[in-house]
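Colleague: Dropping the structure in here first, questions after.
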Amino acid sequence: MKINICYLFSVLFLVCCTSKKKSIAKTEYEPLAGISYAMEEEERKYWDSLCTAEEKKAVEDIKNNHIFYTHVFGMVEMYRSDAELDSLLALYSIKPRKSMYYCTVPYSKQNCYGKRMNEEIVRRHSVNFIDSLRKVAEISYINKRKNEIFSFEECDMNSRYAKSNDYSEALKLVEKDFWNETEYPDEFAFRKEKDLYSSMEANFILRKDGTISEPQVEIRFQNENNYQFSGYFIKKLKDFVKKSKWKTATSEGIPVNSEMHVLIFFK
């Protein structure tokens, strides 16, 4: 599931976003990703012809009963369960293929083969066919990895702090509870108005049985004089994490081991 989106965007940006000398004022061909210039005439013709060719190829494959589902990669939503989905699609004689998404090309001119195929898949099966299989694929992916450690982002957006059932509220409540029981040393240098915030973060594993691993704390002070208090704050945060009650993380509603991060900002 994990792909470095920032890196991928940078590569695509360098490949796609070359200088434009002649531009046309047609909204349909305005590139995506907030680029200020429109597409050149030659480039527009290229994508038009490519889209037409892809659609023609899709129609031919459909006539020959060769059905494909396209996994799109790039600045789009991507999934961790593609392999599991492919296995399910195979039961319906649907084969997988891949297509790249380009940041500076109009959506209407990209993945034309895949879009035409998707129309046929909907016609043959149903509007919700792929979504329902994706749900099954996600569950299959998780069940195969029940004993692995999931990243924080792979889990459901449910509260993992026992004092609240609300995800957003729990994040705020953790920090509030920590400071309710932690005092600043007398000589601590507080943040000035234009200074960046100092912070510390406790990283640990929240296991399916509700227990946690030993927290590892990273601390960052903008004012170097405050590093003399590192040991004090690190111990305070470790003790807070250990004594707090945590709720098991889930992914698609299934309990999983997960990475946890408790971020605390200093005044």
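Each chain in the structure tokens gets a letter, A, B and so on, in the order shown; residues start at 1 in every chain, and ligands are counted from 1 in the order they appear.
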Find the residues of stretch 145-185 of chain A that sit at most 12 Å from stretch 203-214 of chain A; for each, write down the nearest two atoms and how far apart they are in Å, to one decimal. Count only C-alpha atoms. Sort by chain, then by number going up, and give it as CSV.
Modeller:
residue,atom,partner,partner_atom,distance
A:Lys146,CA,A:Lys208,CA,9.3
A:Asn147,CA,A:Lys208,CA,8.9
A:Glu148,CA,A:Arg207,CA,10.0
A:Ile149,CA,A:Ile205,CA,7.8
A:Phe150,CA,A:Ile205,CA,9.3
A:Ser151,CA,A:Ile205,CA,9.6
A:Phe152,CA,A:Ile205,CA,9.7
A:Cys155,CA,A:Leu206,CA,11.7
A:Arg160,CA,A:Leu206,CA,9.1
A:Tyr161,CA,A:Gly210,CA,10.9
A:Ala162,CA,A:Gly210,CA,10.5
Colleague: Could you give me, as a PyMOL selection string, each residue of stretch 6-197 of chain A that DSSP assigns to strand (DSSP E) when run on this structure's backbone?
Modeller: chain A and resi 67-73+94-100+149-150
Colleague: Using atom CA of A:Arg134 and atom CA of A:Glu153 as the two end points, give the distance in Å to one decimal.
Modeller: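 Result for atom CA of A:Arg134 versus atom CA of A:Glu153: 18.3 Å, one decimal.
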Colleague: Using only C-alpha atoms, which of the listed residues (A:Leu171, A:Ala202, A:Cys51, A:Met157) sits closest to A:Cys112?
Modeller: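 Checking each of A:Leu171, A:Ala202, A:Cys51, A:Met157 against A:Cys112, counting only C-alpha atoms, the winner is A:Cys51.
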Colleague: To one decimal place in Å, what is the distance between atom CA of A:His125 and atom CA of A:Ser93?
Modeller: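 Atom-to-atom, atom CA of A:His125 and atom CA of A:Ser93 are spaced 12.1 Å apart.
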Colleague: Give me the residues within 8 Å of stretch 55-72 of chain A as a list in words, counting only C-alpha atoms and dropping any in the same chain fewer than 5 places off.
Modeller: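 In the requested format, the answer is Met78, Asp82, Ser93, Ile94, Lys95, Pro96, Arg97, Lys98, Ser99, Met100, Tyr101, Asn111, Cys112, Tyr113, Gly114, Arg116, Met117, Asn118, Glu120 and Ile121 of chain A.
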Colleague: Taking C-alpha atoms for each residue, export the selection above as a PDB file, in the first residue's frame.
Modeller:
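Saved the output as out_11.pdb:
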ATOM      1  CA  MET A  78      -3.859   3.611  -4.297  1.00  0.00           C
ATOM      2  CA  ASP A  82      -4.205  -5.063  -5.343  1.00  0.00           C
ATOM      3  CA  SER A  93     -12.028 -13.954 -15.973  1.00  0.00           C
ATOM      4  CA  ILE A  94     -10.913 -10.359 -15.501  1.00  0.00           C
ATOM      5  CA  LYS A  95      -7.192  -9.722 -15.854  1.00  0.00           C
ATOM      6  CA  PRO A  96      -5.172  -6.879 -14.253  1.00  0.00           C
ATOM      7  CA  ARG A  97      -3.178  -4.161 -15.978  1.00  0.00           C
ATOM      8  CA  LYS A  98      -1.461  -0.956 -14.823  1.00  0.00           C
ATOM      9  CA  SER A  99      -1.574   2.658 -15.938  1.00  0.00           C
ATOM     10  CA  MET A 100       0.295   5.761 -14.776  1.00  0.00           C
ATOM     11  CA  TYR A 101      -1.511   8.969 -13.834  1.00  0.00           C
ATOM     12  CA  ASN A 111      -6.482   5.894 -18.771  1.00  0.00           C
ATOM     13  CA  CYS A 112      -8.976   5.876 -21.642  1.00  0.00           C
ATOM     14  CA  TYR A 113      -8.559   2.123 -22.056  1.00  0.00           C
ATOM     15  CA  GLY A 114      -9.302   1.540 -18.382  1.00  0.00           C
ATOM     16  CA  ARG A 116     -13.871   2.039 -21.358  1.00  0.00           C
ATOM     17  CA  MET A 117     -13.176  -1.323 -19.740  1.00  0.00           C
ATOM     18  CA  ASN A 118     -14.725  -0.169 -16.468  1.00  0.00           C
ATOM     19  CA  GLU A 120     -18.012  -2.858 -19.633  1.00  0.00           C
ATOM     20  CA  ILE A 121     -17.313  -4.324 -16.190  1.00  0.00           C
TER      21      ILE A 121
END
Colleague: So which residues touch A:Leu133 within 9 Å, counting only C-alpha atoms, skipping near sequence neighbours fewer than 6 positions away, as a list in words?
Modeller: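 The residues satisfying every condition are Leu85, Leu88 and Leu89 of chain A.
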